[in-house]
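Shown here: model_25.tsv, TSV, C-alpha atoms.
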chain	number	residue	atom	x	y	z
O	1	MET	CA	11.77	17.42	24.53
O	2	VAL	CA	9.32	18.58	27.19
O	3	GLN	CA	11.00	21.99	27.43
O	4	SER	CA	10.94	22.34	23.63
O	5	TRP	CA	7.36	21.08	23.37
O	6	LYS	CA	6.48	23.49	20.54
O	7	THR	CA	9.37	22.22	18.44
O	8	THR	CA	8.40	18.65	19.29
O	9	VAL	CA	4.81	19.21	18.15
O	10	VAL	CA	6.02	20.74	14.88
O	11	LEU	CA	8.40	17.81	14.40
O	12	LEU	CA	5.52	15.37	14.84
O	13	LEU	CA	2.79	17.12	12.90
O	14	THR	CA	4.63	18.66	9.93
O	15	PRO	CA	5.56	15.35	8.21
O	16	MET	CA	2.12	13.94	9.03
O	17	LEU	CA	0.36	16.88	7.39
O	18	PHE	CA	2.72	16.70	4.41
O	19	PHE	CA	2.05	13.01	3.79
O	20	ALA	CA	-1.67	13.48	4.43
O	21	GLY	CA	-1.71	16.06	1.63
O	22	ILE	CA	0.12	13.68	-0.69
O	23	GLY	CA	-2.34	10.94	0.31
O	24	LEU	CA	-5.36	13.06	-0.59
O	25	VAL	CA	-3.86	13.80	-4.01
O	26	CYS	CA	-3.11	10.09	-4.57
O	27	ILE	CA	-6.64	9.08	-3.55
O	28	LYS	CA	-8.04	11.56	-6.05
O	29	LEU	CA	-5.76	10.28	-8.79
O	30	PHE	CA	-6.58	6.64	-8.11
O	31	SER	CA	-10.34	7.20	-7.92
O	32	GLN	CA	-12.46	5.71	-10.69
O	33	GLU	CA	-13.80	9.04	-11.92
O	34	ALA	CA	-10.28	10.37	-12.51
O	35	HIS	CA	-9.47	7.56	-14.93
O	36	VAL	CA	-12.67	6.42	-16.62
O	37	GLN	CA	-15.71	8.45	-17.53
O	38	LEU	CA	-18.73	6.20	-17.90
O	39	PHE	CA	-20.32	6.19	-21.34
O	40	GLU	CA	-23.78	5.01	-22.30
O	41	ILE	CA	-24.83	2.26	-24.71
O	42	ALA	CA	-28.38	2.07	-26.07
O	43	ILE	CA	-29.86	-1.42	-26.64
O	44	VAL	CA	-32.91	-1.95	-28.84
O	45	ASP	CA	-34.45	-5.41	-28.27
O	46	ASP	CA	-36.74	-6.23	-31.19
O	47	ASP	CA	-36.84	-9.91	-30.22
O	48	GLN	CA	-38.35	-9.43	-26.76
O	49	THR	CA	-37.80	-13.04	-25.67
O	50	LEU	CA	-36.83	-14.56	-22.37
O	51	GLU	CA	-33.36	-15.36	-23.71
O	52	THR	CA	-32.53	-11.83	-24.89
O	53	LYS	CA	-33.90	-10.31	-21.68
O	54	TYR	CA	-31.74	-12.73	-19.70
O	55	VAL	CA	-28.57	-11.86	-21.62
O	56	ILE	CA	-29.27	-8.10	-21.41
O	57	GLY	CA	-29.82	-8.52	-17.67
O	58	GLN	CA	-26.41	-10.11	-17.36
O	59	LEU	CA	-24.87	-7.18	-19.24
O	60	LEU	CA	-26.49	-4.81	-16.77
O	61	ASP	CA	-25.17	-6.83	-13.80
O	62	ASN	CA	-21.66	-7.45	-15.16
O	63	SER	CA	-19.25	-5.86	-12.66
O	64	HIS	CA	-16.52	-5.38	-15.28
O	65	LEU	CA	-18.77	-3.61	-17.80
O	66	THR	CA	-20.51	-1.38	-15.25
O	67	LYS	CA	-17.10	0.16	-14.41
O	68	VAL	CA	-16.92	1.75	-17.86
O	69	THR	CA	-20.40	1.59	-19.39
O	70	LYS	CA	-24.00	2.37	-18.61
O	71	VAL	CA	-26.53	0.31	-20.57
O	72	THR	CA	-29.93	1.78	-21.44
O	73	ILE	CA	-32.80	-0.23	-22.98
O	74	VAL	CA	-34.83	1.93	-25.38
O	75	ASP	CA	-36.80	1.73	-28.64
O	76	HIS	CA	-35.58	2.69	-32.12
O	77	ALA	CA	-36.78	6.30	-31.99
O	78	LYS	CA	-35.26	6.97	-28.59
O	79	ALA	CA	-31.97	5.33	-29.60
O	80	ARG	CA	-31.68	7.51	-32.73
O	81	THR	CA	-32.43	10.62	-30.67
O	82	LEU	CA	-29.71	9.75	-28.18
O	83	MET	CA	-27.24	9.17	-31.03
O	84	GLU	CA	-28.08	12.52	-32.64
O	85	LYS	CA	-27.61	14.31	-29.31
O	86	ASN	CA	-24.28	12.52	-28.73
O	87	LYS	CA	-25.60	10.97	-25.52
O	88	VAL	CA	-24.55	7.39	-26.32
O	89	ALA	CA	-21.37	5.86	-27.74
O	90	ALA	CA	-23.25	3.22	-29.75
O	91	MET	CA	-26.60	1.55	-30.23
O	92	ILE	CA	-27.08	-2.22	-30.38
O	93	VAL	CA	-30.10	-3.64	-32.21
O	94	ILE	CA	-31.11	-7.25	-31.49
O	95	PRO	CA	-33.25	-8.34	-34.50
O	96	GLU	CA	-36.56	-10.15	-34.25
O	97	GLY	CA	-36.18	-13.93	-34.24
O	98	PHE	CA	-32.61	-13.78	-32.92
O	99	SER	CA	-33.18	-16.30	-30.10
O	100	ARG	CA	-35.04	-18.69	-32.44
O	101	ASP	CA	-32.18	-18.60	-34.95
O	102	VAL	CA	-29.60	-19.23	-32.22
O	103	LYS	CA	-31.50	-22.38	-31.23
O	104	LYS	CA	-31.45	-23.59	-34.83
O	105	GLY	CA	-27.78	-22.83	-35.30
O	106	LEU	CA	-28.34	-19.91	-37.69
O	107	ASN	CA	-25.95	-16.96	-37.49
O	108	THR	CA	-28.20	-13.93	-37.39
O	109	PRO	CA	-26.10	-10.79	-36.91
O	110	VAL	CA	-26.74	-8.20	-34.22
O	111	LYS	CA	-26.55	-4.68	-35.64
O	112	VAL	CA	-24.07	-2.35	-33.89
O	113	ILE	CA	-24.09	1.34	-34.87
O	114	GLY	CA	-21.20	3.39	-33.51
O	115	ASN	CA	-21.19	7.11	-32.75
O	116	GLY	CA	-18.74	8.85	-35.10
O	117	GLU	CA	-18.13	11.60	-32.54
O	118	ARG	CA	-16.93	9.01	-30.00
O	119	PRO	CA	-14.64	6.77	-32.05
O	120	LEU	CA	-12.69	5.25	-29.17
O	121	GLN	CA	-15.78	4.34	-27.17
O	122	ALA	CA	-17.56	3.07	-30.28
O	123	GLN	CA	-14.57	0.83	-31.05
O	124	LEU	CA	-14.72	-0.57	-27.54
O	125	VAL	CA	-18.40	-1.46	-28.01
O	126	ARG	CA	-17.53	-3.11	-31.33
O	127	HIS	CA	-14.89	-5.32	-29.70
O	128	LEU	CA	-17.33	-6.15	-26.92
O	129	MET	CA	-19.97	-7.34	-29.40
O	130	GLU	CA	-17.41	-9.25	-31.46
O	131	SER	CA	-16.43	-11.09	-28.30
O	132	ALA	CA	-20.09	-11.86	-27.59
O	133	ALA	CA	-20.52	-13.11	-31.18
O	134	LYS	CA	-17.60	-15.52	-30.74
O	135	LEU	CA	-19.17	-16.79	-27.52
O	136	THR	CA	-22.43	-17.31	-29.38
O	137	THR	CA	-20.65	-19.27	-32.12
O	138	ALA	CA	-18.92	-21.39	-29.51
O	139	ALA	CA	-22.26	-22.07	-27.80
O	140	GLN	CA	-23.82	-23.12	-31.11
O	141	SER	CA	-20.90	-25.44	-31.87
O	142	GLY	CA	-21.21	-27.05	-28.45
O	143	ILE	CA	-24.95	-27.65	-28.86
O	144	ASN	CA	-24.53	-29.06	-32.39
O	145	THR	CA	-21.64	-31.33	-31.35
O	146	ILE	CA	-23.63	-32.90	-28.51
O	147	ASP	CA	-26.70	-33.36	-30.71
O	148	HIS	CA	-24.64	-34.89	-33.55
O	149	PHE	CA	-22.94	-37.32	-31.16
O	150	LEU	CA	-26.30	-38.46	-29.74
O	151	ALA	CA	-27.70	-38.92	-33.26
O	152	GLU	CA	-24.76	-41.14	-34.29
O	153	GLU	CA	-25.27	-43.28	-31.20
O	154	ASN	CA	-28.98	-43.77	-32.11
O	155	VAL	CA	-30.20	-42.21	-28.87
O	156	PRO	CA	-34.03	-42.04	-28.69
O	157	ASP	CA	-35.61	-38.81	-29.86
O	158	ASP	CA	-37.10	-37.93	-26.47
O	159	VAL	CA	-33.68	-38.24	-24.83
O	160	ARG	CA	-32.09	-36.19	-27.60
O	161	HIS	CA	-34.76	-33.52	-27.17
O	162	ALA	CA	-34.18	-33.41	-23.39
O	163	GLU	CA	-30.39	-33.18	-23.85
O	164	PHE	CA	-30.88	-30.47	-26.46
O	165	LYS	CA	-32.85	-28.36	-24.00
O	166	LYS	CA	-30.23	-28.96	-21.33
O	167	SER	CA	-27.40	-27.98	-23.72
O	168	LEU	CA	-29.33	-24.92	-24.85
O	169	LEU	CA	-29.71	-23.74	-21.27
O	170	SER	CA	-26.12	-24.52	-20.35
O	171	PHE	CA	-24.39	-23.05	-23.42
O	172	SER	CA	-26.69	-20.30	-24.67
O	173	LEU	CA	-27.70	-18.89	-21.32
O	174	HIS	CA	-25.22	-19.90	-18.64
O	175	ILE	CA	-21.98	-19.47	-20.63
O	176	LEU	CA	-23.10	-16.68	-22.94
O	177	GLY	CA	-24.90	-14.75	-20.25
O	178	ARG	CA	-22.72	-15.22	-17.18
O	179	GLY	CA	-19.37	-16.60	-18.24
O	180	THR	CA	-18.97	-18.28	-14.84
O	181	ILE	CA	-17.49	-21.49	-16.20
O	182	PHE	CA	-14.07	-20.12	-15.22
O	183	GLU	CA	-12.93	-19.57	-11.65
O	184	MET	CA	-10.55	-16.67	-11.21
O	185	LYS	CA	-8.16	-16.56	-8.27
O	186	GLU	CA	-5.91	-13.59	-7.69
O	187	LYS	CA	-2.77	-14.03	-5.62
O	188	LYS	CA	-1.21	-10.77	-4.50
O	189	ASN	CA	2.55	-10.56	-4.59
O	190	LEU	CA	4.75	-8.57	-2.23
O	191	PHE	CA	4.34	-4.81	-2.85
O	192	GLN	CA	1.23	-5.50	-4.98
O	193	GLN	CA	-1.23	-5.11	-2.15
O	194	ASP	CA	-4.16	-2.73	-2.19
O	195	ILE	CA	-2.57	0.45	-3.53
O	196	LEU	CA	-3.99	2.72	-0.83
O	197	GLN	CA	-2.91	0.38	1.97
O	198	TYR	CA	0.57	0.09	0.49
O	199	TYR	CA	1.13	3.85	0.43
O	200	VAL	CA	-0.36	4.40	3.88
O	201	LEU	CA	2.04	1.85	5.40
O	202	SER	CA	4.90	3.16	3.25
O	203	PHE	CA	4.40	6.73	4.48
O	204	TYR	CA	3.93	5.38	8.01
O	205	LEU	CA	7.43	3.87	7.90
O	206	LEU	CA	8.79	7.05	6.38
O	207	LEU	CA	7.32	8.98	9.31
O	208	ILE	CA	9.13	6.64	11.71
O	209	MET	CA	12.40	7.34	9.90
O	210	ILE	CA	11.89	11.13	9.96
O	211	TRP	CA	10.87	11.10	13.63
O	212	SER	CA	13.88	8.97	14.60
O	213	PHE	CA	16.19	11.47	12.93
O	214	GLY	CA	14.26	14.53	14.13
O	215	PHE	CA	14.29	13.57	17.80
O	216	LEU	CA	18.05	13.04	17.71
O	217	VAL	CA	18.47	16.44	16.04
O	218	LEU	CA	16.27	18.00	18.71
O	219	LEU	CA	18.23	16.40	21.56
O	220	ARG	CA	21.55	17.25	19.93
O	221	GLY	CA	20.60	20.92	19.78
O	222	ARG	CA	19.81	20.99	23.53
O	223	ILE	CA	23.30	19.86	24.57
O	224	ASN	CA	25.56	22.93	24.48
O	225	ALA	CA	29.22	23.18	25.60
O	226	PRO	CA	28.57	24.42	29.20
O	227	LEU	CA	25.96	21.73	29.78
O	228	ARG	CA	28.28	19.03	28.40
O	229	ASN	CA	31.07	20.18	30.75
O	230	ARG	CA	28.69	20.09	33.70
O	231	LEU	CA	27.56	16.56	32.73
O	232	ASN	CA	31.17	15.41	32.37
O	233	SER	CA	32.00	16.76	35.83
O	234	ARG	CA	29.31	14.49	37.24
O	235	GLY	CA	30.66	11.40	35.49
O	236	ILE	CA	28.23	11.46	32.51
O	237	THR	CA	30.57	10.89	29.59
O	238	GLU	CA	29.79	11.47	25.94
O	239	TRP	CA	28.95	7.84	25.21
O	240	LYS	CA	26.46	7.82	28.12
O	241	GLU	CA	24.95	11.04	26.80
O	242	LYS	CA	24.62	9.64	23.26
O	243	PHE	CA	23.10	6.36	24.38
O	244	ALA	CA	20.70	8.16	26.73
O	245	GLY	CA	19.50	10.27	23.82
O	246	PHE	CA	19.22	7.13	21.70
O	247	ALA	CA	17.11	5.42	24.38
O	248	ALA	CA	14.87	8.50	24.73
O	249	ALA	CA	14.34	8.63	20.95
O	250	VAL	CA	13.53	4.89	20.74
O	251	VAL	CA	10.99	5.04	23.58
O	252	SER	CA	9.33	8.24	22.31
O	253	VAL	CA	9.12	7.24	18.64
O	254	SER	CA	7.99	3.68	19.48
O	255	LEU	CA	5.15	5.00	21.64
O	256	ILE	CA	4.04	7.54	19.02
O	257	SER	CA	4.34	4.96	16.22
O	258	TYR	CA	2.20	2.49	18.16
O	259	LEU	CA	-0.50	5.12	18.78
O	260	LEU	CA	-0.50	6.02	15.07
O	261	SER	CA	-0.76	2.33	14.09
O	262	LEU	CA	-4.12	2.01	15.91
O	263	PRO	CA	-6.20	4.10	13.45
O	264	ILE	CA	-4.34	2.50	10.51
O	265	THR	CA	-5.22	-0.97	11.78
O	266	TRP	CA	-8.83	0.10	12.32
O	267	SER	CA	-9.10	1.59	8.81
O	268	PHE	CA	-7.70	-1.47	7.00
O	269	ARG	CA	-9.28	-4.65	8.29
O	270	SER	CA	-6.50	-6.78	6.74
O	271	SER	CA	-3.64	-4.43	7.63
O	272	PRO	CA	-0.27	-6.12	8.23
O	273	LEU	CA	-0.09	-4.14	11.50
O	274	LYS	CA	-2.76	-6.51	12.84
O	275	ASN	CA	-0.59	-9.59	12.59
O	276	GLY	CA	1.54	-9.06	15.69
O	277	ASN	CA	3.92	-6.67	13.97
O	278	ILE	CA	4.33	-4.37	16.98
O	279	LEU	CA	7.70	-5.95	17.73
O	280	SER	CA	8.68	-5.39	14.09
O	281	ILE	CA	7.78	-1.71	14.45
O	282	ILE	CA	9.92	-1.39	17.58
O	283	LEU	CA	12.78	-3.12	15.77
O	284	ILE	CA	12.42	-0.69	12.85
O	285	VAL	CA	12.48	2.30	15.23
O	286	LEU	CA	15.52	0.81	16.93
O	287	THR	CA	17.31	0.35	13.59
O	288	PHE	CA	16.63	3.86	12.31
O	289	SER	CA	17.60	5.43	15.66
O	290	ALA	CA	20.79	3.35	15.91
O	291	PHE	CA	21.82	4.35	12.39
O	292	PHE	CA	21.27	8.07	12.98
O	293	MET	CA	23.01	7.86	16.36
O	294	MET	CA	26.04	6.32	14.63
O	295	LEU	CA	25.93	9.20	12.15
O	296	ALA	CA	25.75	11.69	15.04
O	297	VAL	CA	28.77	10.06	16.67
O	298	LEU	CA	30.82	10.22	13.46
O	299	VAL	CA	29.85	13.79	12.51
O	300	SER	CA	30.53	16.50	15.07
O	301	ASN	CA	29.36	19.45	12.94
O	302	ASP	CA	25.64	20.10	13.42
O	303	GLN	CA	24.99	21.47	9.92
O	304	LEU	CA	26.82	18.58	8.26
O	305	PHE	CA	24.93	16.09	10.41
O	306	LEU	CA	21.63	17.69	9.36
O	307	LEU	CA	22.54	17.62	5.65
O	308	LEU	CA	23.77	14.02	5.73
O	309	GLY	CA	20.68	12.88	7.64
O	310	ILE	CA	18.32	14.51	5.12
O	311	GLY	CA	20.39	13.03	2.29
O	312	PHE	CA	20.10	9.49	3.71
O	313	ILE	CA	16.34	9.98	4.18
O	314	MET	CA	15.95	11.03	0.52
O	315	ILE	CA	18.07	8.11	-0.75
O	316	GLY	CA	16.16	5.64	1.40
O	317	THR	CA	12.83	7.09	0.27
O	318	VAL	CA	13.60	6.66	-3.43
O	319	ALA	CA	15.68	3.46	-3.42
O	320	GLY	CA	13.71	1.81	-0.61
O	321	GLY	CA	10.43	1.79	-2.54
O	322	HIS	CA	8.30	4.30	-0.63
O	323	PHE	CA	6.92	6.05	-3.72
O	324	ILE	CA	7.41	3.34	-6.36
O	325	PRO	CA	7.35	-0.33	-5.26
O	326	VAL	CA	10.69	-2.10	-5.66
O	327	VAL	CA	9.25	-4.70	-8.07
O	328	TYR	CA	8.93	-1.95	-10.70
O	329	PHE	CA	12.56	-0.80	-10.35
O	330	PRO	CA	15.26	-1.45	-12.94
O	331	ASP	CA	17.82	-4.05	-11.84
O	332	TRP	CA	20.50	-1.54	-10.82
O	333	LEU	CA	18.11	0.48	-8.63
O	334	GLU	CA	16.65	-2.67	-7.09
O	335	ARG	CA	20.17	-3.83	-6.15
O	336	MET	CA	20.87	-0.38	-4.70
O	337	GLY	CA	17.68	-0.58	-2.65
O	338	MET	CA	18.95	-3.75	-0.97
O	339	PHE	CA	21.56	-1.58	0.80
O	340	THR	CA	18.92	0.68	2.40
O	341	ILE	CA	17.23	0.15	5.76
O	342	ASN	CA	13.95	1.27	4.17
O	343	SER	CA	13.78	-1.71	1.82
O	344	TRP	CA	14.23	-4.22	4.64
O	345	ALA	CA	11.78	-2.32	6.85
O	346	LEU	CA	9.07	-2.43	4.16
O	347	ARG	CA	9.58	-6.15	3.71
O	348	ALA	CA	9.36	-6.72	7.45
O	349	ILE	CA	6.15	-4.71	7.86
O	350	PHE	CA	4.37	-6.38	4.93
O	351	ASP	CA	5.45	-9.92	5.79
O	352	SER	CA	5.84	-10.71	9.48
O	353	THR	CA	7.22	-14.16	8.59
O	354	ALA	CA	10.13	-12.72	6.56
O	355	MET	CA	12.85	-13.78	8.99
O	356	GLN	CA	15.56	-12.59	6.61
O	357	SER	CA	14.31	-9.01	6.93
O	358	ILE	CA	14.00	-9.27	10.73
O	359	LEU	CA	17.51	-10.69	11.03
O	360	MET	CA	18.93	-8.04	8.70
O	361	LEU	CA	17.35	-5.20	10.72
O	362	GLY	CA	18.65	-6.73	13.93
O	363	LEU	CA	22.14	-7.08	12.46
O	364	ILE	CA	22.14	-3.44	11.31
O	365	SER	CA	21.00	-2.25	14.76
O	366	ILE	CA	23.64	-4.24	16.63
O	367	SER	CA	26.38	-3.18	14.19
O	368	CYS	CA	25.52	0.52	14.51
O	369	LEU	CA	25.34	0.35	18.32
O	370	VAL	CA	28.59	-1.59	18.68
O	371	PHE	CA	30.42	0.70	16.27
O	372	SER	CA	29.14	3.81	18.09
O	373	ALA	CA	30.16	2.43	21.49
O	374	VAL	CA	33.64	1.41	20.31
O	375	TYR	CA	34.17	4.75	18.55
O	376	LEU	CA	33.12	6.75	21.60
O	377	LYS	CA	35.22	4.66	23.98
O	378	THR	CA	38.25	4.99	21.71
O	379	GLY	CA	37.72	8.73	21.43
O	380	ASN	CA	37.49	9.12	25.21
O	381	ARG	CA	40.79	7.28	25.72
O	382	ARG	CA	42.53	9.54	23.22
O	383	CYS	CA	41.18	12.63	24.98
O	384	LYS	CA	42.47	11.37	28.35
O	385	ARG	CA	45.96	10.75	26.92
Kindly return the structure encoded in the file as C-alpha cells.
Amino acid sequence: MVQSWKTTVVLLLTPMLFFAGIGLVCIKLFSQEAHVQLFEIAIVDDDQTLETKYVIGQLLDNSHLTKVTKVTIVDHAKARTLMEKNKVAAMIVIPEGFSRDVKKGLNTPVKVIGNGERPLQAQLVRHLMESAAKLTTAAQSGINTIDHFLAEENVPDDVRHAEFKKSLLSFSLHILGRGTIFEMKEKKNLFQQDILQYYVLSFYLLLIMIWSFGFLVLLRGRINAPLRNRLNSRGITEWKEKFAGFAAAVVSVSLISYLLSLPITWSFRSSPLKNGNILSIILIVLTFSAFFMMLAVLVSNDQLFLLLGIGFIMIGTVAGGHFIPVVYFPDWLERMGMFTINSWALRAIFDSTAMQSILMLGLISISCLVFSAVYLKTGNRRCKR
C-alpha cells in the first residue's frame, strides 16, 4: 500500500468525494427553501384592542406558521394595494368590536379575502382561519359553561365576575392565542433520526465497505506469480498470505474509519458515534473484510472477483437501507435486507445496545474466517498430494 500510495489515495478520496457530492445535493433538496416558498398574509386590525394585538402577536411568533407564512399588519388601503400587486395570498380583516363580542358570546365573523391568483395559498389561509374560528367557539362555550354552572349554584356575583375574568383570560387568550394546553412529545424510531445525520452515518458505513473491498483488491493486485513462488519458498503459504492481507486491511481501514468518525462526532452533538461505538466500528470493518477475504479465497480470477465484489456492494447498498431506510421498504425487500451485512451494520451503529446486531456481525465474521481457513488448508493438502 505504501509503494502504491497514489492508488491508495485515489481509493480513499474518490468515494469520499462522490458521497460528499451526493450529500450537498441532498442538503439542497432537504432545505426549507427548496420545498416551501414563504407567502405573505396581510392583517387589518380595526378593533385595536389588547386581545387582538395579543392574538396577532402569537400568530407572528408561532413556529409552525412562520415556516410557511409571513404576517404583515397594515391598514385597509395598504392591504388592497398589496392584493392588487399580488404581493399577499390573502388579507384578514378583524372588525371593530370583535373582542367585546367574544366576551359576550356573540359570533362576529372575521373577514378573509383570498387572492384569486394564488388559490392554493388562499385556501390554506381559509383553513387556518376556520380552525381559529372553531377555537374561538370552543373558548366561548367553555366560558359560558363555567358561568352557567356558577349561576345555578347561586354563587355570589363578585365571585362569578372574578371567575368570568379568569375564564376569559384562560380560554380566550391562553388557549386561543398560544394553544399550549397540549404537551407534544416526539419519540424517534430506528432509522427515523435527523435525516442529515442518518445519511451521513449511512454513507460513512458505505465508505467502510468500499474501503474494505478496495484494500483487498489493491493487495491482491500486488501479489504476482513470481512473488507468490518466492513467498512459498520461504514457508509463507497462501493462507498466511491471505490472512496477512486481511489483517493489514482491518488495521488500515479501522484507523482511517476512526479518524473520519472524529469530525462526524464533532458535527453532530448527539451522534451515535459518541456512545462508545468505536468497538462496533472495528467489528463492522472486521465483518466486511472477512466477507471479502472469503470471496477472494473462493474466486481465483481477478476480474470475476472485482465484478462480484462490486455486485455485493450494490446489493448491500440498496437492500441494506443506505439510500432509503428499511422501515419504508416493502415486506419482500425488507426480508431480503436481513440477509445483508449492511442492514445489521446500520442497526449496530445506530443502537449500541442492539446485542442481536453485534452478535450477528460477530457470527458472520467468525463464519467467514473459519470457512476461508478450512478452504485454504484443504486446498493446500490437495496441491501437496
Interatomic distance, atom CA of O:Ile236 to atom CA of O:Leu218 (Å, one decimal):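 So the two atoms, atom CA of O:Ile236 and atom CA of O:Leu218, lie 19.4 Å apart.
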Interatomic distance between atom CA of O:Thr340 and atom CA of O:Gln356?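 Atom-to-atom, atom CA of O:Thr340 to atom CA of O:Gln356, that is 14.3 Å.
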Determine the axis-aligned bounding box of all atoms of stretch 111-116 of chain O present in the file, pad each side by 8 Å, and express its centre and edge lengths in Å to one decimal place as lines of an AutoDock Vina configuration file.
center_x = -22.6
center_y = 2.1
center_z = -34.2
size_x = 23.8
size_y = 29.5
size_z = 18.9
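Using only C-alpha atoms for every distance, the candidate list O:Lys240, O:Phe312, O:Ser99, O:Ile349 yields O:Ser99 as the residue closest to O:Gln140.
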Set the distance at 12 Å and use only C-alpha atoms: which residues neighbour O:Lys85 once local chain neighbours fewer than 6 positions away are removed? I'd like the list as a ChimeraX atom specification. /O:78-79,115-118
As a list in words, please: the residues near O:Phe164 (cut-off 8 Å, all atoms listed in the file, same-chain neighbours under 5 positions excluded).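 Result of the neighbour search: Ile143, Ile146 and Asp147 of chain O.
Residue neighbourhood of stretch 357-359 of chain O, excluding near-sequence residues (fewer than 2 positions): Trp344, Arg347, Ala348, Ala354, Met355, Leu361, Gly362 and Leu363 of chain O, at 7 Å, using only C-alpha atoms.
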Selected residues, C-alpha atoms, written as a PDB file, in the frame of the given file, please.
ATOM      1  CA  TRP O 344      14.230  -4.220   4.640  1.00  0.00           C
ATOM      2  CA  ARG O 347       9.580  -6.150   3.710  1.00  0.00           C
ATOM      3  CA  ALA O 348       9.360  -6.720   7.450  1.00  0.00           C
ATOM      4  CA  ALA O 354      10.130 -12.720   6.560  1.00  0.00           C
ATOM      5  CA  MET O 355      12.850 -13.780   8.990  1.00  0.00           C
ATOM      6  CA  LEU O 361      17.350  -5.200  10.720  1.00  0.00           C
ATOM      7  CA  GLY O 362      18.650  -6.730  13.930  1.00  0.00           C
ATOM      8  CA  LEU O 363      22.140  -7.080  12.460  1.00  0.00           C
TER       9      LEU O 363
END
Please check which residues have atoms at most 7 Å from (4.9, 12.4, 8.1) in the file's coordinates, counting all atoms listed in the file, and write them as a list in words.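 Here is the list of nearby residues: Thr14, Pro15, Met16, Leu17, Phe18, Phe19, Phe203, Leu206 and Leu207 of chain O.
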Any idea what the distance is between atom CA of O:Leu120 and atom CA of O:Val71? 17.0 Å
Selected residue, from O:Trp332, O:Ala151, O:Ile284, O:Ala244, that lies nearest to O:Ile208 when counting only C-alpha atoms: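 Ranked by minimum distance to O:Ile208, first place goes to O:Ile284.
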Taking into account only C-alpha atoms, which residue in the set O:Phe350, O:Phe39, O:Tyr54, O:Phe339 is nearest to O:Val68?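 Of all the options, O:Phe39 lies closest to O:Val68.
You can rank O:Val299, O:Phe215, O:Tyr204, O:Thr317 by their closest distance to O:Leu262 using all atoms listed in the file, and at the top of that list sits O:Tyr204.
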Would you be able to write out as JSON, numbers by chain which residues have an atom within 12 Å of (-36.2, -9.5, -24.0) in the file's coordinates, counting only C-alpha atoms? {"O": [43, 44, 45, 46, 47, 48, 49, 50, 51, 52, 53, 54, 55, 56, 57, 58, 73, 74, 93, 94, 95, 96, 97, 98, 99]}
